[in-house]
file run28.cif (mmCIF, C-alpha atoms, pLDDT in the B column; chains and numbers go by the auth columns)
data_final
loop_
_atom_site.group_PDB
_atom_site.id
_atom_site.type_symbol
_atom_site.label_atom_id
_atom_site.label_comp_id
_atom_site.label_asym_id
_atom_site.label_seq_id
_atom_site.Cartn_x
_atom_site.Cartn_y
_atom_site.Cartn_z
_atom_site.B_iso_or_equiv
_atom_site.auth_seq_id
_atom_site.auth_asym_id
ATOM 1 C CA MET A 1 7.125 24.809 17.219 53.00 22 A
ATOM 2 C CA ALA A 2 7.741 21.069 16.950 69.00 23 A
ATOM 3 C CA GLU A 3 5.542 19.108 14.581 85.00 24 A
ATOM 4 C CA GLU A 4 3.276 16.588 16.324 96.00 25 A
ATOM 5 C CA VAL A 5 2.832 13.603 14.013 98.00 26 A
ATOM 6 C CA VAL A 6 0.941 10.441 14.958 98.00 27 A
ATOM 7 C CA LEU A 7 0.204 7.474 12.685 98.00 28 A
ATOM 8 C CA LEU A 8 -2.710 5.147 13.445 98.00 29 A
ATOM 9 C CA ASP A 9 -1.687 1.977 11.679 98.00 30 A
ATOM 10 C CA PHE A 10 -1.956 -1.803 11.298 98.00 31 A
ATOM 11 C CA HIS A 11 1.359 -3.471 10.515 98.00 32 A
ATOM 12 C CA PRO A 12 0.377 -5.845 7.671 98.00 33 A
ATOM 13 C CA SER A 13 -1.781 -3.250 5.914 98.00 34 A
ATOM 14 C CA MET A 14 -0.482 -2.264 2.482 98.00 35 A
ATOM 15 C CA PHE A 15 -2.150 1.099 3.019 98.00 36 A
ATOM 16 C CA GLY A 16 -0.334 1.693 6.284 98.00 37 A
ATOM 17 C CA MET A 17 2.940 0.666 4.627 98.00 38 A
ATOM 18 C CA ARG A 18 2.461 3.411 2.039 98.00 39 A
ATOM 19 C CA VAL A 19 2.338 6.071 4.734 98.00 40 A
ATOM 20 C CA ARG A 20 5.297 4.610 6.630 98.00 41 A
ATOM 21 C CA ILE A 21 7.393 4.696 3.442 98.00 42 A
ATOM 22 C CA ALA A 22 6.402 8.279 2.636 98.00 43 A
ATOM 23 C CA LEU A 23 7.248 9.450 6.163 98.00 44 A
ATOM 24 C CA ALA A 24 10.577 7.615 6.006 98.00 45 A
ATOM 25 C CA GLU A 25 11.403 9.163 2.629 98.00 46 A
ATOM 26 C CA LYS A 26 10.832 12.610 4.121 97.00 47 A
ATOM 27 C CA GLY A 27 12.673 11.818 7.342 97.00 48 A
ATOM 28 C CA VAL A 28 9.644 12.719 9.446 97.00 49 A
ATOM 29 C CA LYS A 29 9.670 11.536 13.050 96.00 50 A
ATOM 30 C CA TYR A 30 6.315 10.337 14.329 97.00 51 A
ATOM 31 C CA VAL A 31 4.512 8.383 17.023 98.00 52 A
ATOM 32 C CA HIS A 32 3.310 5.023 15.759 98.00 53 A
ATOM 33 C CA LYS A 33 0.109 3.619 17.260 98.00 54 A
ATOM 34 C CA GLU A 34 -0.818 0.086 16.254 98.00 55 A
ATOM 35 C CA GLU A 35 -4.555 -0.523 16.026 98.00 56 A
ATOM 36 C CA ASN A 36 -6.537 -3.658 16.836 96.00 57 A
ATOM 37 C CA LEU A 37 -8.997 -3.691 13.954 93.00 58 A
ATOM 38 C CA ARG A 38 -11.377 -5.955 15.878 92.00 59 A
ATOM 39 C CA ASN A 39 -11.430 -3.497 18.759 96.00 60 A
ATOM 40 C CA LYS A 40 -10.742 -0.073 17.271 97.00 61 A
ATOM 41 C CA SER A 41 -9.488 2.649 19.547 98.00 62 A
ATOM 42 C CA PRO A 42 -11.595 5.694 20.430 98.00 63 A
ATOM 43 C CA LEU A 43 -8.873 7.809 18.799 98.00 64 A
ATOM 44 C CA LEU A 44 -9.297 5.987 15.467 98.00 65 A
ATOM 45 C CA LEU A 45 -13.098 6.223 15.583 98.00 66 A
ATOM 46 C CA GLN A 46 -12.861 9.912 16.443 98.00 67 A
ATOM 47 C CA SER A 47 -10.208 10.642 13.809 98.00 68 A
ATOM 48 C CA ASN A 48 -11.891 8.760 10.958 98.00 69 A
ATOM 49 C CA PRO A 49 -15.619 8.732 11.814 97.00 70 A
ATOM 50 C CA ILE A 50 -16.693 8.201 8.186 97.00 71 A
ATOM 51 C CA HIS A 51 -14.773 5.043 7.250 97.00 72 A
ATOM 52 C CA LYS A 52 -13.363 4.028 10.658 97.00 73 A
ATOM 53 C CA LYS A 53 -10.268 2.658 8.908 97.00 74 A
ATOM 54 C CA ILE A 54 -6.504 2.936 9.157 98.00 75 A
ATOM 55 C CA PRO A 55 -4.245 4.559 8.243 98.00 76 A
ATOM 56 C CA VAL A 56 -4.869 7.942 9.760 98.00 77 A
ATOM 57 C CA LEU A 57 -2.150 10.562 10.021 98.00 78 A
ATOM 58 C CA ILE A 58 -2.732 13.064 12.812 98.00 79 A
ATOM 59 C CA HIS A 59 -0.639 16.174 12.204 98.00 80 A
ATOM 60 C CA ASN A 60 -0.735 18.822 14.896 97.00 81 A
ATOM 61 C CA GLY A 61 -4.104 17.476 16.032 97.00 82 A
ATOM 62 C CA LYS A 62 -5.654 17.373 12.550 98.00 83 A
ATOM 63 C CA PRO A 63 -6.498 13.943 11.093 98.00 84 A
ATOM 64 C CA ILE A 64 -5.827 13.081 7.448 98.00 85 A
ATOM 65 C CA CYS A 65 -7.432 9.880 6.120 98.00 86 A
ATOM 66 C CA GLU A 66 -7.034 7.522 3.143 98.00 87 A
ATOM 67 C CA SER A 67 -3.524 6.365 2.285 98.00 88 A
ATOM 68 C CA LEU A 68 -3.038 8.026 -1.122 98.00 89 A
ATOM 69 C CA ASN A 69 -4.453 11.258 0.235 98.00 90 A
ATOM 70 C CA ILE A 70 -2.068 11.027 3.191 98.00 91 A
ATOM 71 C CA VAL A 71 0.963 10.349 0.975 98.00 92 A
ATOM 72 C CA GLN A 72 0.103 13.384 -1.144 98.00 93 A
ATOM 73 C CA TYR A 73 -0.333 15.491 1.993 98.00 94 A
ATOM 74 C CA ILE A 74 3.066 14.372 3.283 98.00 95 A
ATOM 75 C CA ASP A 75 4.635 15.257 -0.050 98.00 96 A
ATOM 76 C CA GLU A 76 3.029 18.694 -0.111 97.00 97 A
ATOM 77 C CA PHE A 77 3.758 19.597 3.507 97.00 98 A
ATOM 78 C CA TRP A 78 7.339 18.338 3.847 97.00 99 A
ATOM 79 C CA THR A 79 8.818 19.769 0.672 96.00 100 A
ATOM 80 C CA ASP A 80 12.468 20.037 1.718 94.00 101 A
ATOM 81 C CA LYS A 81 13.499 16.561 0.504 92.00 102 A
ATOM 82 C CA ALA A 82 12.526 13.515 -1.598 94.00 103 A
ATOM 83 C CA PRO A 83 9.667 14.853 -3.769 97.00 104 A
ATOM 84 C CA LEU A 84 7.264 12.004 -4.504 98.00 105 A
ATOM 85 C CA LEU A 85 4.819 13.457 -7.031 98.00 106 A
ATOM 86 C CA PRO A 86 6.178 14.836 -10.328 95.00 107 A
ATOM 87 C CA SER A 87 6.282 18.608 -10.789 94.00 108 A
ATOM 88 C CA ASP A 88 4.659 18.357 -14.232 96.00 109 A
ATOM 89 C CA PRO A 89 0.824 18.563 -13.947 97.00 110 A
ATOM 90 C CA TYR A 90 0.199 15.864 -16.569 97.00 111 A
ATOM 91 C CA GLN A 91 2.656 13.456 -14.966 96.00 112 A
ATOM 92 C CA ARG A 92 1.069 14.133 -11.569 97.00 113 A
ATOM 93 C CA ALA A 93 -2.351 13.324 -12.989 97.00 114 A
ATOM 94 C CA GLU A 94 -1.009 10.122 -14.550 97.00 115 A
ATOM 95 C CA ALA A 95 0.579 9.032 -11.274 98.00 116 A
ATOM 96 C CA ARG A 96 -2.694 9.607 -9.394 98.00 117 A
ATOM 97 C CA PHE A 97 -4.656 7.745 -12.083 98.00 118 A
ATOM 98 C CA TRP A 98 -2.519 4.614 -11.823 98.00 119 A
ATOM 99 C CA ALA A 99 -2.449 4.767 -8.032 98.00 120 A
ATOM 100 C CA ASP A 100 -6.249 4.758 -8.140 98.00 121 A
ATOM 101 C CA PHE A 101 -6.059 1.822 -10.579 98.00 122 A
ATOM 102 C CA ILE A 102 -4.027 -0.091 -7.983 98.00 123 A
ATOM 103 C CA ASP A 103 -6.691 0.506 -5.332 98.00 124 A
ATOM 104 C CA LYS A 104 -9.593 -0.357 -7.619 97.00 125 A
ATOM 105 C CA LYS A 105 -8.058 -3.305 -9.494 98.00 126 A
ATOM 106 C CA VAL A 106 -5.086 -4.826 -7.673 98.00 127 A
ATOM 107 C CA ASP A 107 -6.494 -4.490 -4.171 98.00 128 A
ATOM 108 C CA GLU A 108 -9.959 -5.736 -5.126 97.00 129 A
ATOM 109 C CA ALA A 109 -8.550 -8.723 -7.018 98.00 130 A
ATOM 110 C CA GLY A 110 -6.226 -9.503 -4.117 98.00 131 A
ATOM 111 C CA LYS A 111 -9.153 -9.464 -1.682 97.00 132 A
ATOM 112 C CA GLY A 112 -10.946 -11.805 -4.037 97.00 133 A
ATOM 113 C CA ILE A 113 -8.212 -14.312 -3.214 98.00 134 A
ATOM 114 C CA TRP A 114 -7.025 -13.843 0.360 98.00 135 A
ATOM 115 C CA ALA A 115 -10.359 -12.737 1.874 97.00 136 A
ATOM 116 C CA SER A 116 -12.743 -14.920 -0.141 96.00 137 A
ATOM 117 C CA LYS A 117 -13.832 -18.536 -0.358 96.00 138 A
ATOM 118 C CA VAL A 118 -11.903 -20.814 -2.710 95.00 139 A
ATOM 119 C CA ASP A 119 -14.760 -21.084 -5.199 92.00 140 A
ATOM 120 C CA GLN A 120 -14.450 -17.326 -5.842 92.00 141 A
ATOM 121 C CA HIS A 121 -10.708 -17.370 -6.554 97.00 142 A
ATOM 122 C CA GLU A 122 -10.549 -18.041 -10.285 97.00 143 A
ATOM 123 C CA MET A 123 -12.041 -14.768 -11.461 97.00 144 A
ATOM 124 C CA ALA A 124 -9.952 -12.815 -8.957 97.00 145 A
ATOM 125 C CA LYS A 125 -6.749 -14.541 -10.087 98.00 146 A
ATOM 126 C CA LYS A 126 -7.507 -13.667 -13.703 98.00 147 A
ATOM 127 C CA GLU A 127 -8.182 -10.029 -12.811 98.00 148 A
ATOM 128 C CA LEU A 128 -5.030 -9.784 -10.714 98.00 149 A
ATOM 129 C CA LYS A 129 -2.832 -11.162 -13.482 98.00 150 A
ATOM 130 C CA GLU A 130 -4.351 -8.772 -16.017 98.00 151 A
ATOM 131 C CA SER A 131 -3.921 -5.769 -13.712 98.00 152 A
ATOM 132 C CA LEU A 132 -0.285 -6.560 -12.977 98.00 153 A
ATOM 133 C CA LYS A 133 0.399 -7.069 -16.682 98.00 154 A
ATOM 134 C CA LYS A 134 -1.023 -3.602 -17.346 98.00 155 A
ATOM 135 C CA LEU A 135 1.196 -2.116 -14.625 98.00 156 A
ATOM 136 C CA GLU A 136 4.239 -3.797 -16.179 98.00 157 A
ATOM 137 C CA GLU A 137 3.352 -2.024 -19.419 98.00 158 A
ATOM 138 C CA VAL A 138 3.193 1.293 -17.552 98.00 159 A
ATOM 139 C CA LEU A 139 6.569 0.622 -15.928 98.00 160 A
ATOM 140 C CA GLY A 140 8.190 -0.375 -19.210 98.00 161 A
ATOM 141 C CA ASP A 141 11.976 -0.400 -19.007 97.00 162 A
ATOM 142 C CA LYS A 142 12.195 2.429 -16.475 98.00 163 A
ATOM 143 C CA PRO A 143 13.883 1.845 -13.096 98.00 164 A
ATOM 144 C CA TYR A 144 10.853 3.312 -11.334 98.00 165 A
ATOM 145 C CA PHE A 145 7.347 4.228 -12.459 98.00 166 A
ATOM 146 C CA GLY A 146 8.219 7.924 -12.615 95.00 167 A
ATOM 147 C CA GLY A 147 11.529 7.352 -14.403 96.00 168 A
ATOM 148 C CA ASP A 148 14.902 7.430 -12.664 96.00 169 A
ATOM 149 C CA LYS A 149 13.561 8.522 -9.276 96.00 170 A
ATOM 150 C CA PHE A 150 11.516 6.625 -6.709 98.00 171 A
ATOM 151 C CA GLY A 151 8.148 8.340 -6.373 98.00 172 A
ATOM 152 C CA PHE A 152 4.416 8.372 -5.674 98.00 173 A
ATOM 153 C CA LEU A 153 3.373 5.398 -7.791 98.00 174 A
ATOM 154 C CA ASP A 154 6.217 3.277 -6.437 98.00 175 A
ATOM 155 C CA VAL A 155 5.042 4.097 -2.910 98.00 176 A
ATOM 156 C CA ALA A 156 1.495 3.153 -3.915 98.00 177 A
ATOM 157 C CA LEU A 157 2.392 -0.279 -5.324 98.00 178 A
ATOM 158 C CA ILE A 158 5.411 -1.662 -3.468 98.00 179 A
ATOM 159 C CA PRO A 159 3.424 -2.678 -0.331 98.00 180 A
ATOM 160 C CA PHE A 160 1.224 -4.900 -2.502 98.00 181 A
ATOM 161 C CA HIS A 161 4.294 -6.790 -3.687 98.00 182 A
ATOM 162 C CA GLN A 162 4.724 -7.999 -0.098 98.00 183 A
ATOM 163 C CA TRP A 163 1.293 -9.607 -0.409 98.00 184 A
ATOM 164 C CA PHE A 164 2.100 -11.549 -3.596 98.00 185 A
ATOM 165 C CA PHE A 165 3.275 -14.577 -1.592 98.00 186 A
ATOM 166 C CA SER A 166 -0.047 -14.725 0.267 98.00 187 A
ATOM 167 C CA TYR A 167 -2.026 -14.298 -2.962 98.00 188 A
ATOM 168 C CA GLU A 168 -0.077 -17.133 -4.603 98.00 189 A
ATOM 169 C CA THR A 169 -0.170 -19.485 -1.610 98.00 190 A
ATOM 170 C CA VAL A 170 -3.848 -19.040 -0.793 98.00 191 A
ATOM 171 C CA GLY A 171 -4.820 -19.073 -4.465 97.00 192 A
ATOM 172 C CA SER A 172 -2.525 -21.981 -5.414 97.00 193 A
ATOM 173 C CA PHE A 173 -1.069 -20.240 -8.458 97.00 194 A
ATOM 174 C CA LYS A 174 1.998 -18.279 -9.548 97.00 195 A
ATOM 175 C CA LEU A 175 2.242 -14.676 -10.661 98.00 196 A
ATOM 176 C CA ASP A 176 4.505 -14.114 -13.657 97.00 197 A
ATOM 177 C CA CYS A 177 5.597 -10.475 -13.649 97.00 198 A
ATOM 178 C CA PRO A 178 9.385 -10.316 -14.076 98.00 199 A
ATOM 179 C CA LYS A 179 9.525 -6.543 -14.602 98.00 200 A
ATOM 180 C CA LEU A 180 7.667 -5.919 -11.353 98.00 201 A
ATOM 181 C CA THR A 181 9.910 -8.421 -9.579 98.00 202 A
ATOM 182 C CA ALA A 182 13.042 -6.575 -10.727 98.00 203 A
ATOM 183 C CA TRP A 183 11.439 -3.226 -9.869 98.00 204 A
ATOM 184 C CA ALA A 184 10.527 -4.462 -6.372 98.00 205 A
ATOM 185 C CA LYS A 185 14.135 -5.504 -5.731 98.00 206 A
ATOM 186 C CA ARG A 186 15.263 -1.975 -6.605 98.00 207 A
ATOM 187 C CA CYS A 187 12.642 -0.478 -4.283 98.00 208 A
ATOM 188 C CA VAL A 188 13.587 -2.690 -1.349 98.00 209 A
ATOM 189 C CA GLU A 189 17.200 -1.558 -1.634 98.00 210 A
ATOM 190 C CA ARG A 190 15.962 1.768 -0.248 98.00 211 A
ATOM 191 C CA GLU A 191 16.100 1.886 3.541 98.00 212 A
ATOM 192 C CA SER A 192 12.843 3.843 3.632 98.00 213 A
ATOM 193 C CA VAL A 193 11.131 0.892 1.960 98.00 214 A
ATOM 194 C CA SER A 194 12.871 -2.068 3.594 98.00 215 A
ATOM 195 C CA LYS A 195 12.254 -0.740 7.113 98.00 216 A
ATOM 196 C CA SER A 196 8.620 0.114 6.408 98.00 217 A
ATOM 197 C CA LEU A 197 7.370 -3.113 4.852 98.00 218 A
ATOM 198 C CA ALA A 198 5.771 -5.951 6.770 98.00 219 A
ATOM 199 C CA SER A 199 7.435 -9.294 6.006 98.00 220 A
ATOM 200 C CA GLU A 200 5.780 -11.796 3.678 98.00 221 A
ATOM 201 C CA LYS A 201 5.671 -14.285 6.563 98.00 222 A
ATOM 202 C CA TYR A 202 3.957 -11.812 8.899 98.00 223 A
ATOM 203 C CA ILE A 203 1.358 -10.985 6.238 98.00 224 A
ATOM 204 C CA TYR A 204 0.728 -14.668 5.481 98.00 225 A
ATOM 205 C CA GLU A 205 0.213 -15.462 9.173 98.00 226 A
ATOM 206 C CA PHE A 206 -2.298 -12.606 9.366 97.00 227 A
ATOM 207 C CA VAL A 207 -4.093 -13.939 6.272 98.00 228 A
ATOM 208 C CA LEU A 208 -4.277 -17.474 7.698 97.00 229 A
ATOM 209 C CA GLY A 209 -5.692 -16.116 10.949 96.00 230 A
ATOM 210 C CA HIS A 210 -8.269 -14.039 9.098 96.00 231 A
ATOM 211 C CA ARG A 211 -9.338 -16.995 6.955 96.00 232 A
ATOM 212 C CA LYS A 212 -9.694 -19.196 10.032 96.00 233 A
ATOM 213 C CA VAL A 213 -11.763 -16.665 12.001 95.00 234 A
ATOM 214 C CA SER A 214 -13.897 -15.909 8.922 94.00 235 A
ATOM 215 C CA GLU A 215 -14.321 -19.641 8.115 95.00 236 A
ATOM 216 C CA LEU A 216 -13.199 -19.167 4.508 94.00 237 A
ATOM 217 C CA ASP A 217 -11.491 -22.573 4.155 89.00 238 A
#
call {"tool": "encode", "arguments": {"input": "run28.cif", "output": "structure tokens"}}
result
Amino acid sequence: MAEEVVLLDFHPSMFGMRVRIALAEKGVKYVHKEENLRNKSPLLLQSNPIHKKIPVLIHNGKPICESLNIVQYIDEFWTDKAPLLPSDPYQRAEARFWADFIDKKVDEAGKGIWASKVDQHEMAKKELKESLKKLEEVLGDKPYFGGDKFGFLDVALIPFHQWFFSYETVGSFKLDCPKLTAWAKRCVERESVSKSLASEKYIYEFVLGHRKVSELD
């Protein structure tokens, strides 16, 4: 029986990018359905009635929600290639901890810049810089967060790197994270990553549109 895989997505979303990368790493074919977040489809509202957010992966009619949860599901279901989470229980726990850190710290600080009024930017910029510095410490001198192989934590963070340009431009500042910059270049050399990421320009145009509609400037 053929697997039926559908992804409800929004192209500039860092969370949607995570799922696209994971599916590409596994070589999973799927139907991509782009959502209009200002006019959400009945399928999205039915598939994620609690949060009403993308991404949602629908696998053989069953919806899976929340990007990190989806990536883990993909890794556990399609086990024949490209393992994303480490096999060691402690390393798996560490990877999940830092992925959660990205969602709680990096994403929130980023929103404090791109989706907030200018007078709220300073604190968010400080928090973002501190969070990225901490992640550079976690990365250390390793090629990828898990060591020599691209994995779960790389999938969790690399979409955010595409948003750095928007953070810097809207916030009128520069991020100084050379280790993450070098790491990102390695990640983007992977076809699964390069084909799954939204461009910096596309993301910035989305951000400008959001700020205009929301009267943030």
call {"tool": "resolve_selection", "arguments": {"input": "run28.cif", "expression": "the PyMOL selection byres ((chain A and resi 221) around 12)", "output": "list in words"}}
result
His32, Pro33, Ser34, Met35, Pro180, Phe181, His182, Gln183, Trp184, Phe185, Phe186, Ser187, Tyr188, Glu189, Thr190, Leu218, Ala219, Ser220, Lys222, Tyr223, Ile224, Tyr225, Glu226, Phe227 and Val228 of chain A
call {"tool": "residues_around", "arguments": {"input": "run28.cif", "residues": "region 57-64 of chain A", "least_positions_apart": "5", "cutoff": "10 Å", "atoms": "all atoms listed in the file", "output": "NGL selection string"}}
result
:A and (29-31 or 69-70 or 73-75 or 77)
call {"tool": "atom_distance", "arguments": {"input": "run28.cif", "atom1": "CA of Arg207 (chain A)", "atom2": "CA of Ile91 (chain A)"}}
result
23.8 Å
call {"tool": "atom_distance", "arguments": {"input": "run28.cif", "atom1": "CA of Ser235 (chain A)", "atom2": "CA of Ile123 (chain A)"}}
result
25.2 Å
call {"tool": "resolve_selection", "arguments": {"input": "run28.cif", "expression": "the PyMOL selection byres ((chain A and resi 88) around 7)", "output": "list of chain:residue names"}}
result
A:Phe36, A:Gly37, A:Arg39, A:Val40, A:Pro76, A:Cys86, A:Glu87, A:Leu89, A:Asn90, A:Ile91, A:Val92
call {"tool": "write_last_selection", "arguments": {"input": "run28.cif", "atoms": "C-alpha atoms", "output": "mmCIF file, in the frame of the given file"}}
result
data_model
loop_
_atom_site.group_PDB
_atom_site.id
_atom_site.type_symbol
_atom_site.label_atom_id
_atom_site.label_comp_id
_atom_site.auth_asym_id
_atom_site.auth_seq_id
_atom_site.Cartn_x
_atom_site.Cartn_y
_atom_site.Cartn_z
ATOM 1 C CA PHE A 36 -2.150 1.099 3.019
ATOM 2 C CA GLY A 37 -0.334 1.693 6.284
ATOM 3 C CA ARG A 39 2.461 3.411 2.039
ATOM 4 C CA VAL A 40 2.338 6.071 4.734
ATOM 5 C CA PRO A 76 -4.245 4.559 8.243
ATOM 6 C CA CYS A 86 -7.432 9.880 6.120
ATOM 7 C CA GLU A 87 -7.034 7.522 3.143
ATOM 8 C CA LEU A 89 -3.038 8.026 -1.122
ATOM 9 C CA ASN A 90 -4.453 11.258 0.235
ATOM 10 C CA ILE A 91 -2.068 11.027 3.191
ATOM 11 C CA VAL A 92 0.963 10.349 0.975
#
call {"tool": "atom_distance", "arguments": {"input": "run28.cif", "atom1": "CA of Leu105 (chain A)", "atom2": "CA of Phe173 (chain A)"}}
result
4.8 Å
call {"tool": "residues_around", "arguments": {"input": "run28.cif", "residues": "Thr202 (chain A)", "least_positions_apart": "5", "cutoff": "12 Å", "atoms": "all atoms listed in the file", "output": "list in words"}}
result
Leu153, Lys154, Leu156, Glu157, Leu160, Pro164, Tyr165, Leu178, Ile179, Phe181, His182, Gln183, Phe185, Leu196, Asp197, Arg207, Cys208 and Val209 of chain A
call {"tool": "closest_residue", "arguments": {"input": "run28.cif", "among": "A:Gln93, A:Ser137, A:Thr100, A:Ser215", "to": "Gly48 (chain A)", "atoms": "only C-alpha atoms"}}
result
A:Thr100
call {"tool": "closest_residue", "arguments": {"input": "run28.cif", "among": "A:Lys126, A:His231, A:His53, A:Lys163", "to": "Lys150 (chain A)", "atoms": "all atoms listed in the file"}}
result
A:Lys126
call {"tool": "build_atoms", "arguments": {"input": "run28.cif", "residues": "region 137-154 of chain A", "atoms": "N, CA, C and O atoms", "output": "PDB file, in the frame of the given file"}}
result
ATOM      1  N   SER A 137     -11.540 -14.322   0.454  1.00 96.00           N
ATOM      2  CA  SER A 137     -12.743 -14.920  -0.141  1.00 96.00           C
ATOM      3  C   SER A 137     -12.647 -16.444  -0.134  1.00 96.00           C
ATOM      4  O   SER A 137     -11.563 -17.013   0.007  1.00 96.00           O
ATOM      5  N   LYS A 138     -13.788 -17.077  -0.297  1.00 96.00           N
ATOM      6  CA  LYS A 138     -13.832 -18.536  -0.358  1.00 96.00           C
ATOM      7  C   LYS A 138     -13.164 -19.023  -1.645  1.00 96.00           C
ATOM      8  O   LYS A 138     -13.114 -18.310  -2.655  1.00 96.00           O
ATOM      9  N   VAL A 139     -12.685 -20.255  -1.608  1.00 95.00           N
ATOM     10  CA  VAL A 139     -11.903 -20.814  -2.710  1.00 95.00           C
ATOM     11  C   VAL A 139     -12.676 -20.801  -4.018  1.00 95.00           C
ATOM     12  O   VAL A 139     -12.106 -20.560  -5.087  1.00 95.00           O
ATOM     13  N   ASP A 140     -13.985 -21.015  -3.957  1.00 92.00           N
ATOM     14  CA  ASP A 140     -14.760 -21.084  -5.199  1.00 92.00           C
ATOM     15  C   ASP A 140     -14.885 -19.723  -5.896  1.00 92.00           C
ATOM     16  O   ASP A 140     -15.381 -19.640  -7.022  1.00 92.00           O
ATOM     17  N   GLN A 141     -14.418 -18.667  -5.242  1.00 92.00           N
ATOM     18  CA  GLN A 141     -14.450 -17.326  -5.842  1.00 92.00           C
ATOM     19  C   GLN A 141     -13.084 -16.880  -6.373  1.00 92.00           C
ATOM     20  O   GLN A 141     -12.935 -15.773  -6.891  1.00 92.00           O
ATOM     21  N   HIS A 142     -12.080 -17.763  -6.260  1.00 97.00           N
ATOM     22  CA  HIS A 142     -10.708 -17.370  -6.554  1.00 97.00           C
ATOM     23  C   HIS A 142     -10.397 -17.191  -8.038  1.00 97.00           C
ATOM     24  O   HIS A 142      -9.586 -16.346  -8.407  1.00 97.00           O
ATOM     25  N   GLU A 143     -10.989 -18.013  -8.889  1.00 97.00           N
ATOM     26  CA  GLU A 143     -10.549 -18.041 -10.285  1.00 97.00           C
ATOM     27  C   GLU A 143     -10.690 -16.687 -10.977  1.00 97.00           C
ATOM     28  O   GLU A 143      -9.771 -16.235 -11.660  1.00 97.00           O
ATOM     29  N   MET A 144     -11.830 -16.062 -10.830  1.00 97.00           N
ATOM     30  CA  MET A 144     -12.041 -14.768 -11.461  1.00 97.00           C
ATOM     31  C   MET A 144     -11.067 -13.727 -10.902  1.00 97.00           C
ATOM     32  O   MET A 144     -10.502 -12.915 -11.646  1.00 97.00           O
ATOM     33  N   ALA A 145     -10.856 -13.768  -9.591  1.00 97.00           N
ATOM     34  CA  ALA A 145      -9.952 -12.815  -8.957  1.00 97.00           C
ATOM     35  C   ALA A 145      -8.522 -13.013  -9.443  1.00 97.00           C
ATOM     36  O   ALA A 145      -7.794 -12.036  -9.686  1.00 97.00           O
ATOM     37  N   LYS A 146      -8.105 -14.268  -9.600  1.00 98.00           N
ATOM     38  CA  LYS A 146      -6.749 -14.541 -10.087  1.00 98.00           C
ATOM     39  C   LYS A 146      -6.566 -13.999 -11.498  1.00 98.00           C
ATOM     40  O   LYS A 146      -5.519 -13.417 -11.818  1.00 98.00           O
ATOM     41  N   LYS A 147      -7.560 -14.171 -12.330  1.00 98.00           N
ATOM     42  CA  LYS A 147      -7.507 -13.667 -13.703  1.00 98.00           C
ATOM     43  C   LYS A 147      -7.386 -12.138 -13.708  1.00 98.00           C
ATOM     44  O   LYS A 147      -6.559 -11.558 -14.432  1.00 98.00           O
ATOM     45  N   GLU A 148      -8.199 -11.493 -12.871  1.00 98.00           N
ATOM     46  CA  GLU A 148      -8.182 -10.029 -12.811  1.00 98.00           C
ATOM     47  C   GLU A 148      -6.858  -9.510 -12.264  1.00 98.00           C
ATOM     48  O   GLU A 148      -6.338  -8.498 -12.745  1.00 98.00           O
ATOM     49  N   LEU A 149      -6.300 -10.212 -11.285  1.00 98.00           N
ATOM     50  CA  LEU A 149      -5.030  -9.784 -10.714  1.00 98.00           C
ATOM     51  C   LEU A 149      -3.914  -9.885 -11.745  1.00 98.00           C
ATOM     52  O   LEU A 149      -3.107  -8.952 -11.906  1.00 98.00           O
ATOM     53  N   LYS A 150      -3.863 -10.988 -12.449  1.00 98.00           N
ATOM     54  CA  LYS A 150      -2.832 -11.162 -13.482  1.00 98.00           C
ATOM     55  C   LYS A 150      -2.936 -10.083 -14.551  1.00 98.00           C
ATOM     56  O   LYS A 150      -1.925  -9.517 -14.980  1.00 98.00           O
ATOM     57  N   GLU A 151      -4.155  -9.793 -14.985  1.00 98.00           N
ATOM     58  CA  GLU A 151      -4.351  -8.772 -16.017  1.00 98.00           C
ATOM     59  C   GLU A 151      -3.947  -7.382 -15.524  1.00 98.00           C
ATOM     60  O   GLU A 151      -3.324  -6.607 -16.258  1.00 98.00           O
ATOM     61  N   SER A 152      -4.260  -7.083 -14.275  1.00 98.00           N
ATOM     62  CA  SER A 152      -3.921  -5.769 -13.712  1.00 98.00           C
ATOM     63  C   SER A 152      -2.415  -5.602 -13.576  1.00 98.00           C
ATOM     64  O   SER A 152      -1.860  -4.531 -13.883  1.00 98.00           O
ATOM     65  N   LEU A 153      -1.729  -6.641 -13.133  1.00 98.00           N
ATOM     66  CA  LEU A 153      -0.285  -6.560 -12.977  1.00 98.00           C
ATOM     67  C   LEU A 153       0.404  -6.482 -14.340  1.00 98.00           C
ATOM     68  O   LEU A 153       1.436  -5.795 -14.486  1.00 98.00           O
ATOM     69  N   LYS A 154      -0.149  -7.164 -15.330  1.00 98.00           N
ATOM     70  CA  LYS A 154       0.399  -7.069 -16.682  1.00 98.00           C
ATOM     71  C   LYS A 154       0.291  -5.635 -17.193  1.00 98.00           C
ATOM     72  O   LYS A 154       1.232  -5.099 -17.811  1.00 98.00           O
TER      73      LYS A 154
END
